[in-house]
>>> print(open('input33.cif').read())   # mmCIF, C-alpha atoms
data_data
loop_
_atom_site.group_PDB
_atom_site.id
_atom_site.type_symbol
_atom_site.label_atom_id
_atom_site.label_comp_id
_atom_site.auth_asym_id
_atom_site.auth_seq_id
_atom_site.Cartn_x
_atom_site.Cartn_y
_atom_site.Cartn_z
ATOM 1 C CA MET A 1 122.933 203.765 43.608
ATOM 2 C CA GLU A 2 119.343 204.913 43.136
ATOM 3 C CA PRO A 3 116.912 202.175 44.265
ATOM 4 C CA ASP A 4 114.468 202.799 41.405
ATOM 5 C CA VAL A 5 117.063 202.190 38.675
ATOM 6 C CA PRO A 6 116.204 198.920 36.886
ATOM 7 C CA LEU A 7 118.465 196.132 38.091
ATOM 8 C CA ARG A 8 120.002 195.505 34.677
ATOM 9 C CA GLU A 9 121.141 199.127 34.429
ATOM 10 C CA ARG A 10 122.179 199.182 38.084
ATOM 11 C CA LEU A 11 124.518 196.238 37.503
ATOM 12 C CA ILE A 12 126.074 198.008 34.525
ATOM 13 C CA ASP A 13 126.378 201.259 36.507
ATOM 14 C CA VAL A 14 128.186 199.425 39.301
ATOM 15 C CA GLY A 15 130.506 197.778 36.798
ATOM 16 C CA VAL A 16 131.295 201.136 35.183
ATOM 17 C CA GLU A 17 132.114 202.650 38.578
ATOM 18 C CA LEU A 18 134.294 199.676 39.494
ATOM 19 C CA VAL A 19 136.305 199.613 36.293
ATOM 20 C CA ARG A 20 136.908 203.353 36.538
ATOM 21 C CA SER A 21 138.022 203.302 40.142
ATOM 22 C CA GLU A 22 139.707 199.898 40.457
ATOM 23 C CA GLY A 23 140.411 198.597 36.959
ATOM 24 C CA THR A 24 139.348 195.501 35.073
ATOM 25 C CA GLY A 25 140.534 193.114 37.789
ATOM 26 C CA SER A 26 137.712 194.323 40.044
ATOM 27 C CA LEU A 27 134.913 193.170 37.744
ATOM 28 C CA GLY A 28 134.037 189.875 39.374
ATOM 29 C CA LEU A 29 130.394 188.885 39.064
ATOM 30 C CA ARG A 30 130.014 188.417 42.833
ATOM 31 C CA GLU A 31 131.565 191.807 43.587
ATOM 32 C CA ILE A 32 129.325 193.590 41.110
ATOM 33 C CA ALA A 33 126.271 191.859 42.590
ATOM 34 C CA ARG A 34 127.387 192.673 46.149
ATOM 35 C CA ARG A 35 127.833 196.350 45.379
ATOM 36 C CA ALA A 36 124.485 196.423 43.594
ATOM 37 C CA GLY A 37 122.906 194.992 46.749
ATOM 38 C CA VAL A 38 121.631 191.752 45.208
ATOM 39 C CA SER A 39 122.427 188.052 45.485
ATOM 40 C CA HIS A 40 125.322 186.748 43.418
ATOM 41 C CA GLY A 41 122.879 184.811 41.244
ATOM 42 C CA ALA A 42 120.656 187.810 40.445
ATOM 43 C CA PRO A 43 122.720 189.107 37.484
ATOM 44 C CA ARG A 44 122.035 185.848 35.610
ATOM 45 C CA ARG A 45 118.489 187.011 35.002
ATOM 46 C CA TYR A 46 119.837 189.680 32.671
ATOM 47 C CA PHE A 47 123.300 188.440 31.728
ATOM 48 C CA PRO A 48 123.624 184.715 31.011
ATOM 49 C CA THR A 49 127.412 184.876 31.288
ATOM 50 C CA HIS A 50 129.985 187.023 33.035
ATOM 51 C CA GLN A 51 131.272 188.091 29.629
ATOM 52 C CA SER A 52 127.865 189.368 28.583
ATOM 53 C CA LEU A 53 127.861 191.708 31.587
ATOM 54 C CA LEU A 54 131.411 192.842 30.806
ATOM 55 C CA SER A 55 130.358 193.515 27.207
ATOM 56 C CA ALA A 56 127.468 195.675 28.412
ATOM 57 C CA ILE A 57 129.879 197.654 30.600
ATOM 58 C CA ALA A 58 132.298 198.059 27.697
ATOM 59 C CA ARG A 59 129.473 199.333 25.472
ATOM 60 C CA ARG A 60 129.153 202.278 27.829
ATOM 61 C CA GLY A 61 132.793 203.058 27.103
ATOM 62 C CA PHE A 62 132.244 202.993 23.361
ATOM 63 C CA GLY A 63 129.252 205.279 23.853
ATOM 64 C CA GLU A 64 131.451 207.760 25.724
ATOM 65 C CA LEU A 65 134.170 207.551 23.103
ATOM 66 C CA GLY A 66 131.601 208.046 20.352
ATOM 67 C CA ALA A 67 130.358 211.190 22.113
ATOM 68 C CA ARG A 68 133.910 212.530 22.190
ATOM 69 C CA PHE A 69 134.300 211.796 18.497
ATOM 70 C CA LEU A 70 131.068 213.659 17.828
ATOM 71 C CA ALA A 71 132.296 216.648 19.822
ATOM 72 C CA ALA A 72 135.627 216.573 17.951
ATOM 73 C CA GLY A 73 133.769 217.234 14.700
ATOM 74 C CA ALA A 74 131.249 219.715 16.073
ATOM 75 C CA ASP A 75 132.981 222.703 14.457
ATOM 76 C CA ARG A 76 133.130 220.919 11.079
ATOM 77 C CA PRO A 77 136.910 221.054 10.759
ATOM 78 C CA ALA A 78 138.708 220.225 7.518
ATOM 79 C CA PRO A 79 139.270 216.453 7.127
ATOM 80 C CA ARG A 80 142.919 216.462 8.247
ATOM 81 C CA ASP A 81 142.139 218.651 11.263
ATOM 82 C CA HIS A 82 139.187 216.395 12.042
ATOM 83 C CA VAL A 83 141.450 213.332 11.989
ATOM 84 C CA ARG A 84 143.877 215.078 14.351
ATOM 85 C CA ALA A 85 140.993 215.980 16.667
ATOM 86 C CA LEU A 86 139.754 212.378 16.665
ATOM 87 C CA GLY A 87 143.267 211.138 17.388
ATOM 88 C CA ARG A 88 143.649 213.468 20.334
ATOM 89 C CA ALA A 89 140.199 212.542 21.655
ATOM 90 C CA TYR A 90 141.009 208.828 21.345
ATOM 91 C CA VAL A 91 144.337 209.071 23.158
ATOM 92 C CA ALA A 92 142.910 211.392 25.824
ATOM 93 C CA TYR A 93 140.089 208.949 26.565
ATOM 94 C CA ALA A 94 142.545 206.065 26.824
ATOM 95 C CA LEU A 95 144.636 207.944 29.369
ATOM 96 C CA GLU A 96 141.712 209.316 31.378
ATOM 97 C CA GLN A 97 139.844 205.992 31.517
ATOM 98 C CA PRO A 98 142.545 203.282 31.349
ATOM 99 C CA GLY A 99 140.423 200.568 32.949
ATOM 100 C CA MET A 100 137.472 201.117 30.636
ATOM 101 C CA PHE A 101 139.760 201.443 27.624
ATOM 102 C CA ALA A 102 141.403 198.097 28.425
ATOM 103 C CA LEU A 103 137.993 196.447 28.818
ATOM 104 C CA MET A 104 136.689 197.867 25.530
ATOM 105 C CA PHE A 105 139.457 196.223 23.544
ATOM 106 C CA ARG A 106 139.577 192.836 25.242
ATOM 107 C CA HIS A 107 139.784 190.292 22.448
ATOM 108 C CA ASP A 108 137.379 187.797 24.008
ATOM 109 C CA LEU A 109 134.694 190.479 24.293
ATOM 110 C CA LEU A 110 135.230 191.914 20.824
ATOM 111 C CA ASP A 111 135.111 188.366 19.483
ATOM 112 C CA SER A 112 131.571 188.243 20.942
ATOM 113 C CA THR A 113 132.189 185.172 23.065
ATOM 114 C CA GLY A 114 129.406 184.958 25.635
ATOM 115 C CA GLN A 115 127.300 187.654 24.015
ATOM 116 C CA GLU A 116 124.005 188.389 25.699
ATOM 117 C CA ALA A 117 121.782 186.383 23.357
ATOM 118 C CA PRO A 118 122.079 184.734 19.965
ATOM 119 C CA GLY A 119 121.558 187.402 17.352
ATOM 120 C CA GLY A 120 121.916 190.150 19.944
ATOM 121 C CA PRO A 121 124.201 193.180 19.703
ATOM 122 C CA ARG A 122 127.888 192.328 19.583
ATOM 123 C CA LEU A 123 130.520 194.494 21.160
ATOM 124 C CA ARG A 124 132.682 194.495 18.045
ATOM 125 C CA GLU A 125 129.834 196.192 16.178
ATOM 126 C CA GLN A 126 130.317 199.205 18.454
ATOM 127 C CA THR A 127 133.671 199.872 16.804
ATOM 128 C CA LEU A 128 132.362 199.897 13.230
ATOM 129 C CA PRO A 129 130.744 203.377 13.118
ATOM 130 C CA LEU A 130 133.843 204.905 14.716
ATOM 131 C CA PHE A 131 136.137 203.181 12.239
ATOM 132 C CA ALA A 132 133.856 204.133 9.345
ATOM 133 C CA LEU A 133 134.083 207.788 10.414
ATOM 134 C CA LEU A 134 137.878 207.614 10.479
ATOM 135 C CA THR A 135 138.008 205.799 7.132
ATOM 136 C CA GLY A 136 135.798 208.412 5.480
ATOM 137 C CA LEU A 137 137.968 211.237 6.747
ATOM 138 C CA VAL A 138 141.163 209.489 5.690
ATOM 139 C CA GLY A 139 139.661 209.025 2.225
ATOM 140 C CA ALA A 140 138.747 212.716 2.116
ATOM 141 C CA CYS A 141 142.412 213.466 2.825
ATOM 142 C CA GLY A 142 143.330 211.673 -0.405
ATOM 143 C CA ALA A 143 144.602 208.322 0.851
ATOM 144 C CA ALA A 144 144.743 205.743 -1.954
ATOM 145 C CA GLU A 145 143.553 202.901 0.308
ATOM 146 C CA PRO A 146 141.496 204.660 2.994
ATOM 147 C CA GLU A 147 140.546 201.567 4.964
ATOM 148 C CA VAL A 148 144.119 200.266 5.174
ATOM 149 C CA SER A 149 145.485 203.721 6.002
ATOM 150 C CA ALA A 150 142.785 204.255 8.640
ATOM 151 C CA ALA A 151 143.548 200.875 10.222
ATOM 152 C CA ALA A 152 147.272 201.645 10.344
ATOM 153 C CA LEU A 153 146.590 205.099 11.760
ATOM 154 C CA TRP A 154 144.304 203.632 14.426
ATOM 155 C CA ALA A 155 146.998 201.103 15.356
ATOM 156 C CA GLY A 156 149.499 203.944 15.688
ATOM 157 C CA LEU A 157 147.204 205.964 17.932
ATOM 158 C CA HIS A 158 146.454 202.919 20.066
ATOM 159 C CA GLY A 159 150.178 202.328 20.470
ATOM 160 C CA VAL A 160 150.788 205.945 21.482
ATOM 161 C CA ALA A 161 147.999 205.695 24.063
ATOM 162 C CA GLN A 162 149.326 202.485 25.571
ATOM 163 C CA LEU A 163 153.014 203.418 25.580
ATOM 164 C CA TRP A 164 152.265 206.859 26.999
ATOM 165 C CA GLY A 165 150.113 205.270 29.682
ATOM 166 C CA TYR A 166 152.919 202.843 30.568
ATOM 167 C CA GLY A 167 155.299 205.796 30.910
ATOM 168 C CA SER A 168 157.552 204.464 28.164
ATOM 169 C CA LEU A 169 157.142 207.294 25.652
ATOM 170 C CA PRO A 170 157.566 210.131 28.179
ATOM 171 C CA LEU A 171 160.701 208.392 29.404
ATOM 172 C CA VAL A 172 162.359 208.031 26.004
ATOM 173 C CA LEU A 173 161.342 211.571 25.081
ATOM 174 C CA GLY A 174 163.174 212.929 28.109
ATOM 175 C CA GLY A 175 160.182 213.898 30.197
ATOM 176 C CA GLY A 176 160.404 211.169 32.826
ATOM 177 C CA ALA A 177 158.061 208.235 33.282
ATOM 178 C CA ASP A 178 155.453 210.444 34.976
ATOM 179 C CA GLY A 179 155.280 213.017 32.154
ATOM 180 C CA GLY A 180 151.904 214.660 31.729
ATOM 181 C CA ALA A 181 149.691 214.574 28.664
ATOM 182 C CA GLY A 182 150.711 218.011 27.408
ATOM 183 C CA PRO A 183 152.043 219.388 24.113
ATOM 184 C CA GLY A 184 154.429 216.453 23.753
ATOM 185 C CA LEU A 185 151.502 214.060 23.478
ATOM 186 C CA ASP A 186 149.705 216.220 20.925
ATOM 187 C CA ALA A 187 152.910 216.281 18.873
ATOM 188 C CA LEU A 188 152.997 212.468 18.893
ATOM 189 C CA VAL A 189 149.388 212.267 17.723
ATOM 190 C CA ASP A 190 150.160 214.727 14.929
ATOM 191 C CA ALA A 191 153.217 212.686 13.961
ATOM 192 C CA VAL A 192 151.095 209.537 13.647
ATOM 193 C CA VAL A 193 148.579 211.396 11.473
ATOM 194 C CA ASN A 194 151.355 212.822 9.294
ATOM 195 C CA ALA A 195 153.012 209.427 8.962
ATOM 196 C CA HIS A 196 149.874 208.005 7.359
ATOM 197 C CA LEU A 197 148.465 211.043 5.547
ATOM 198 C CA GLY A 198 151.656 212.888 4.635
ATOM 199 C CA ALA A 199 152.867 216.077 6.243
ATOM 200 C CA GLY A 200 150.133 218.272 4.717
ATOM 201 C CA PRO A 201 149.555 221.882 5.695
ATOM 202 C CA ALA A 202 150.750 223.096 9.079
#
>>> encode(input="input33.cif", output="C-alpha coordinates")
Amino acid sequence: MEPDVPLRERLIDVGVELVRSEGTGSLGLREIARRAGVSHGAPRRYFPTHQSLLSAIARRGFGELGARFLAAGADRPAPRDHVRALGRAYVAYALEQPGMFALMFRHDLLDSTGQEAPGGPRLREQTLPLFALLTGLVGACGAAEPEVSAAALWAGLHGVAQLWGYGSLPLVLGGGADGGAGPGLDALVDAVVNAHLGAGPA
(Lines of atoms letter the chains of each structure in order from A and count residues from 1; the text may use other names and numbers.)
(Lines give C-alpha, C1' and ligand atoms only; values in the text may rest on other atoms or scores of the structure.)
Protein backbone atom coordinates (compact mmCIF):
# COMPACT_ATOMS: atom_id res chain seq x y z
CA MET A 1 0.00 0.00 0.00
CA GLU A 2 1.34 3.45 -0.87
CA PRO A 3 2.54 5.25 2.29
CA ASP A 4 1.18 8.64 1.19
CA VAL A 5 -2.41 7.40 0.82
CA PRO A 6 -4.53 8.98 3.59
CA LEU A 7 -5.14 6.47 6.35
CA ARG A 8 -8.92 6.48 5.93
CA GLU A 9 -8.59 5.48 2.27
CA ARG A 10 -5.79 3.03 3.06
CA LEU A 11 -8.04 1.19 5.51
CA ILE A 12 -10.78 0.96 2.88
CA ASP A 13 -8.28 -0.18 0.24
CA VAL A 14 -7.06 -2.95 2.55
CA GLY A 15 -10.62 -4.01 3.26
CA VAL A 16 -11.43 -4.12 -0.46
CA GLU A 17 -8.37 -6.29 -1.13
CA LEU A 18 -9.26 -8.60 1.75
CA VAL A 19 -12.88 -9.12 0.79
CA ARG A 20 -11.87 -9.83 -2.80
CA SER A 21 -9.18 -12.33 -1.93
CA GLU A 22 -10.51 -13.93 1.26
CA GLY A 23 -14.21 -13.12 1.54
CA THR A 24 -16.29 -11.32 4.13
CA GLY A 25 -15.04 -13.48 7.01
CA SER A 26 -11.61 -11.85 6.71
CA LEU A 27 -12.82 -8.34 7.50
CA GLY A 28 -11.96 -8.15 11.17
CA LEU A 29 -11.05 -4.69 12.40
CA ARG A 30 -7.73 -5.88 13.86
CA GLU A 31 -6.75 -7.66 10.64
CA ILE A 32 -7.54 -4.63 8.51
CA ALA A 33 -5.50 -2.42 10.85
CA ARG A 34 -2.61 -4.92 10.88
CA ARG A 35 -2.45 -5.07 7.10
CA ALA A 36 -2.65 -1.28 6.90
CA GLY A 37 0.34 -1.12 9.25
CA VAL A 38 -1.39 0.73 12.09
CA SER A 39 -2.48 -0.04 15.64
CA HIS A 40 -5.80 -1.81 16.07
CA GLY A 41 -7.26 1.34 17.62
CA ALA A 42 -6.25 3.64 14.74
CA PRO A 43 -9.31 2.96 12.53
CA ARG A 44 -11.57 4.40 15.25
CA ARG A 45 -10.37 7.87 14.32
CA TYR A 46 -12.21 7.55 11.02
CA PHE A 47 -14.76 4.80 11.63
CA PRO A 48 -16.54 4.86 15.00
CA THR A 49 -17.76 1.29 14.54
CA HIS A 50 -16.67 -1.81 12.68
CA GLN A 51 -19.87 -1.60 10.65
CA SER A 52 -19.07 1.91 9.48
CA LEU A 53 -15.80 0.64 8.01
CA LEU A 54 -17.59 -2.29 6.37
CA SER A 55 -20.13 0.14 4.90
CA ALA A 56 -17.33 2.24 3.42
CA ILE A 57 -15.83 -0.89 1.84
CA ALA A 58 -19.22 -1.91 0.47
CA ARG A 59 -19.69 1.56 -1.06
CA ARG A 60 -16.69 0.83 -3.25
CA GLY A 61 -18.56 -2.20 -4.54
CA PHE A 62 -21.64 -0.17 -5.39
CA GLY A 63 -19.38 2.32 -7.17
CA GLU A 64 -17.94 -0.49 -9.28
CA LEU A 65 -21.38 -1.89 -10.03
CA GLY A 66 -22.62 1.57 -10.96
CA ALA A 67 -19.72 1.93 -13.40
CA ARG A 68 -20.70 -1.37 -15.02
CA PHE A 69 -24.29 -0.19 -15.31
CA LEU A 70 -23.07 3.00 -16.95
CA ALA A 71 -20.99 1.01 -19.43
CA ALA A 72 -23.98 -1.26 -20.17
CA GLY A 73 -25.90 1.76 -21.46
CA ALA A 74 -23.01 3.45 -23.24
CA ASP A 75 -24.29 2.48 -26.70
CA ARG A 76 -27.80 3.76 -25.87
CA PRO A 77 -29.55 0.45 -26.46
CA ALA A 78 -33.33 0.15 -26.67
CA PRO A 79 -34.94 -0.14 -23.20
CA ARG A 80 -35.41 -3.92 -23.28
CA ASP A 81 -31.86 -4.49 -24.53
CA HIS A 82 -30.62 -2.08 -21.87
CA VAL A 83 -32.41 -4.07 -19.16
CA ARG A 84 -30.83 -7.28 -20.47
CA ALA A 85 -27.41 -5.62 -20.46
CA LEU A 86 -27.91 -4.42 -16.87
CA GLY A 87 -29.02 -7.90 -15.84
CA ARG A 88 -25.95 -9.50 -17.36
CA ALA A 89 -23.67 -6.88 -15.79
CA TYR A 90 -25.29 -7.43 -12.38
CA VAL A 91 -24.96 -11.21 -12.47
CA ALA A 92 -21.43 -11.04 -13.87
CA TYR A 93 -20.32 -8.74 -11.06
CA ALA A 94 -21.87 -11.03 -8.46
CA LEU A 95 -19.96 -14.01 -9.82
CA GLU A 96 -16.66 -12.20 -10.33
CA GLN A 97 -16.71 -10.49 -6.92
CA PRO A 98 -18.68 -12.84 -4.62
CA GLY A 99 -17.18 -11.52 -1.39
CA MET A 100 -17.87 -7.89 -2.22
CA PHE A 101 -21.33 -8.74 -3.54
CA ALA A 102 -22.21 -10.51 -0.28
CA LEU A 103 -20.96 -7.54 1.75
CA MET A 104 -22.92 -5.02 -0.34
CA PHE A 105 -26.22 -6.70 0.46
CA ARG A 106 -25.71 -7.45 4.14
CA HIS A 107 -28.94 -6.45 5.84
CA ASP A 108 -27.30 -4.86 8.88
CA LEU A 109 -25.24 -2.57 6.64
CA LEU A 110 -28.10 -1.66 4.31
CA ASP A 111 -30.20 -0.94 7.39
CA SER A 112 -27.54 1.69 8.23
CA THR A 113 -26.78 0.31 11.67
CA GLY A 114 -23.48 1.79 12.81
CA GLN A 115 -23.31 4.33 10.01
CA GLU A 116 -20.33 6.63 10.06
CA ALA A 117 -22.04 9.65 11.60
CA PRO A 118 -25.58 10.81 12.28
CA GLY A 119 -26.92 12.31 9.10
CA GLY A 120 -24.04 10.87 7.09
CA PRO A 121 -24.33 8.83 3.89
CA ARG A 122 -26.14 5.54 4.32
CA LEU A 123 -25.21 2.45 2.38
CA ARG A 124 -28.80 1.76 1.37
CA GLU A 125 -28.83 5.09 -0.47
CA GLN A 126 -26.20 3.67 -2.82
CA THR A 127 -28.80 1.28 -4.22
CA LEU A 128 -31.40 3.94 -5.04
CA PRO A 129 -29.89 5.40 -8.25
CA LEU A 130 -29.31 1.89 -9.61
CA PHE A 131 -32.87 0.85 -8.82
CA ALA A 132 -34.23 4.10 -10.26
CA LEU A 133 -32.38 3.39 -13.52
CA LEU A 134 -33.88 -0.09 -13.70
CA THR A 135 -37.36 1.19 -12.83
CA GLY A 136 -37.20 3.84 -15.55
CA LEU A 137 -36.18 1.29 -18.16
CA VAL A 138 -38.86 -1.16 -17.06
CA GLY A 139 -41.42 1.64 -17.36
CA ALA A 140 -40.14 2.46 -20.85
CA CYS A 141 -40.77 -1.19 -21.75
CA GLY A 142 -44.46 -0.67 -20.94
CA ALA A 143 -44.79 -2.29 -17.52
CA ALA A 144 -48.01 -1.22 -15.78
CA GLU A 145 -46.34 -1.01 -12.35
CA PRO A 146 -42.68 -0.27 -13.15
CA GLU A 147 -41.43 -0.16 -9.57
CA VAL A 148 -43.03 -3.48 -8.62
CA SER A 149 -41.90 -5.13 -11.86
CA ALA A 150 -38.37 -3.76 -11.43
CA ALA A 151 -38.22 -5.04 -7.85
CA ALA A 152 -39.39 -8.50 -8.92
CA LEU A 153 -36.93 -8.52 -11.81
CA TRP A 154 -34.09 -7.51 -9.49
CA ALA A 155 -35.04 -10.30 -7.08
CA GLY A 156 -34.97 -12.77 -9.97
CA LEU A 157 -31.54 -11.63 -11.11
CA HIS A 158 -30.21 -11.77 -7.56
CA GLY A 159 -31.50 -15.32 -7.26
CA VAL A 160 -29.86 -16.35 -10.53
CA ALA A 161 -26.56 -14.86 -9.35
CA GLN A 162 -26.66 -16.64 -6.01
CA LEU A 163 -27.86 -20.02 -7.26
CA TRP A 164 -25.38 -19.98 -10.13
CA GLY A 165 -22.61 -19.09 -7.70
CA TYR A 166 -23.62 -21.97 -5.42
CA GLY A 167 -23.46 -24.33 -8.40
CA SER A 168 -27.12 -25.24 -8.05
CA LEU A 169 -28.38 -23.88 -11.38
CA PRO A 170 -25.56 -25.35 -13.49
CA LEU A 171 -26.22 -28.68 -11.81
CA VAL A 172 -29.95 -28.79 -12.51
CA LEU A 173 -29.38 -27.55 -16.05
CA GLY A 174 -27.09 -30.48 -16.75
CA GLY A 175 -23.80 -28.63 -16.85
CA GLY A 176 -22.34 -29.86 -13.57
CA ALA A 177 -21.81 -27.87 -10.40
CA ASP A 178 -18.68 -26.22 -11.84
CA GLY A 179 -20.37 -24.95 -15.02
CA GLY A 180 -18.95 -21.72 -16.38
CA ALA A 181 -20.77 -18.45 -16.87
CA GLY A 182 -21.33 -18.92 -20.59
CA PRO A 183 -24.36 -18.80 -22.90
CA GLY A 184 -26.44 -20.78 -20.40
CA LEU A 185 -26.17 -17.96 -17.89
CA ASP A 186 -27.09 -15.31 -20.45
CA ALA A 187 -30.15 -17.39 -21.35
CA LEU A 188 -31.21 -17.41 -17.68
CA VAL A 189 -30.85 -13.64 -17.44
CA ASP A 190 -32.93 -13.24 -20.60
CA ALA A 191 -35.56 -15.59 -19.19
CA VAL A 192 -35.85 -13.48 -16.03
CA VAL A 193 -36.24 -10.32 -18.13
CA ASN A 194 -38.86 -11.98 -20.34
CA ALA A 195 -40.75 -13.30 -17.32
CA HIS A 196 -41.29 -9.76 -16.06
CA LEU A 197 -41.47 -7.78 -19.31
CA GLY A 198 -43.04 -10.35 -21.63
CA ALA A 199 -41.24 -12.17 -24.40
CA GLY A 200 -40.87 -9.08 -26.64
CA PRO A 201 -38.80 -9.02 -29.80
CA ALA A 202 -35.98 -11.52 -30.21
>>> atom_distance(input="input33.cif", atom1="CA of Ala33 in chain A", atom2="CA of Gly63 in chain A")
23.2 Å
>>> resolve_selection(input="input33.cif", expression="the PyMOL selection byres ((chain A and resi 81) around 12)", output="PyMOL selection string")
chain A and resi 72-80+82-88+134+137-138+140-141+189-190+193-194+197+200-202
>>> residues_around(input="input33.cif", residues="Ala36 in chain A", least_positions_apart="6", cutoff="7 Å", atoms="all atoms listed in the file", output="MDAnalysis selection string")
chainID A and resid 10:11 14
>>> closest_residue(input="input33.cif", among="A:Ala195, A:Ala58, A:Leu188, A:Ala150", to="Arg124 in chain A", atoms="all atoms listed in the file")
A:Ala58
>>> resolve_selection(input="input33.cif", expression="the PyMOL selection byres ((chain A and resi 147) around 12)", output="PyMOL selection string")
chain A and resi 128+131-140+142-146+148-154+196
>>> residues_near_point(input="input33.cif", point="(150.1, 206.0, 30.5)", cutoff="12 Å", atoms="all atoms listed in the file", output="MDAnalysis selection string")
chainID A and resid 91:99 101:102 158:171 176:181 185
>>> atom_distance(input="input33.cif", atom1="CA of Arg20 in chain A", atom2="CA of Arg44 in chain A")
23.0 Å
>>> axis_aligned_box(input="input33.cif", around="range 124-135 of chain A", padding_each_side="5 Å", output="lines of an AutoDock Vina configuration file")
center_x = 133.9
center_y = 201.1
center_z = 12.8
size_x = 18.2
size_y = 23.3
size_z = 21.3
>>> closest_residue(input="input33.cif", among="A:Leu7, A:Ile32, A:Ile12, A:Leu54", to="Leu103 in chain A", atoms="only C-alpha atoms")
A:Leu54
>>> atom_distance(input="input33.cif", atom1="CA of Pro6 in chain A", atom2="CA of Tyr46 in chain A")
10.8 Å
>>> resolve_selection(input="input33.cif", expression="the PyMOL selection byres ((chain A and resi 60) around 10)", output="NGL selection string")
:A and (12-13 or 16 or 55-59 or 61-66 or 100 or 104 or 126)
>>> residues_near_point(input="input33.cif", point="(135.7, 195.7, 39.8)", cutoff="10 Å", atoms="all atoms listed in the file", output="tab-separated table (two decimals) with C-alpha atoms, keeping the file's coordinate frame")
chain	number	residue	atom	x	y	z
A	14	VAL	CA	128.19	199.42	39.30
A	15	GLY	CA	130.51	197.78	36.80
A	16	VAL	CA	131.29	201.14	35.18
A	17	GLU	CA	132.11	202.65	38.58
A	18	LEU	CA	134.29	199.68	39.49
A	19	VAL	CA	136.30	199.61	36.29
A	20	ARG	CA	136.91	203.35	36.54
A	21	SER	CA	138.02	203.30	40.14
A	22	GLU	CA	139.71	199.90	40.46
A	23	GLY	CA	140.41	198.60	36.96
A	24	THR	CA	139.35	195.50	35.07
A	25	GLY	CA	140.53	193.11	37.79
A	26	SER	CA	137.71	194.32	40.04
A	27	LEU	CA	134.91	193.17	37.74
A	28	GLY	CA	134.04	189.88	39.37
A	29	LEU	CA	130.39	188.88	39.06
A	30	ARG	CA	130.01	188.42	42.83
A	31	GLU	CA	131.56	191.81	43.59
A	32	ILE	CA	129.32	193.59	41.11
A	35	ARG	CA	127.83	196.35	45.38
A	99	GLY	CA	140.42	200.57	32.95
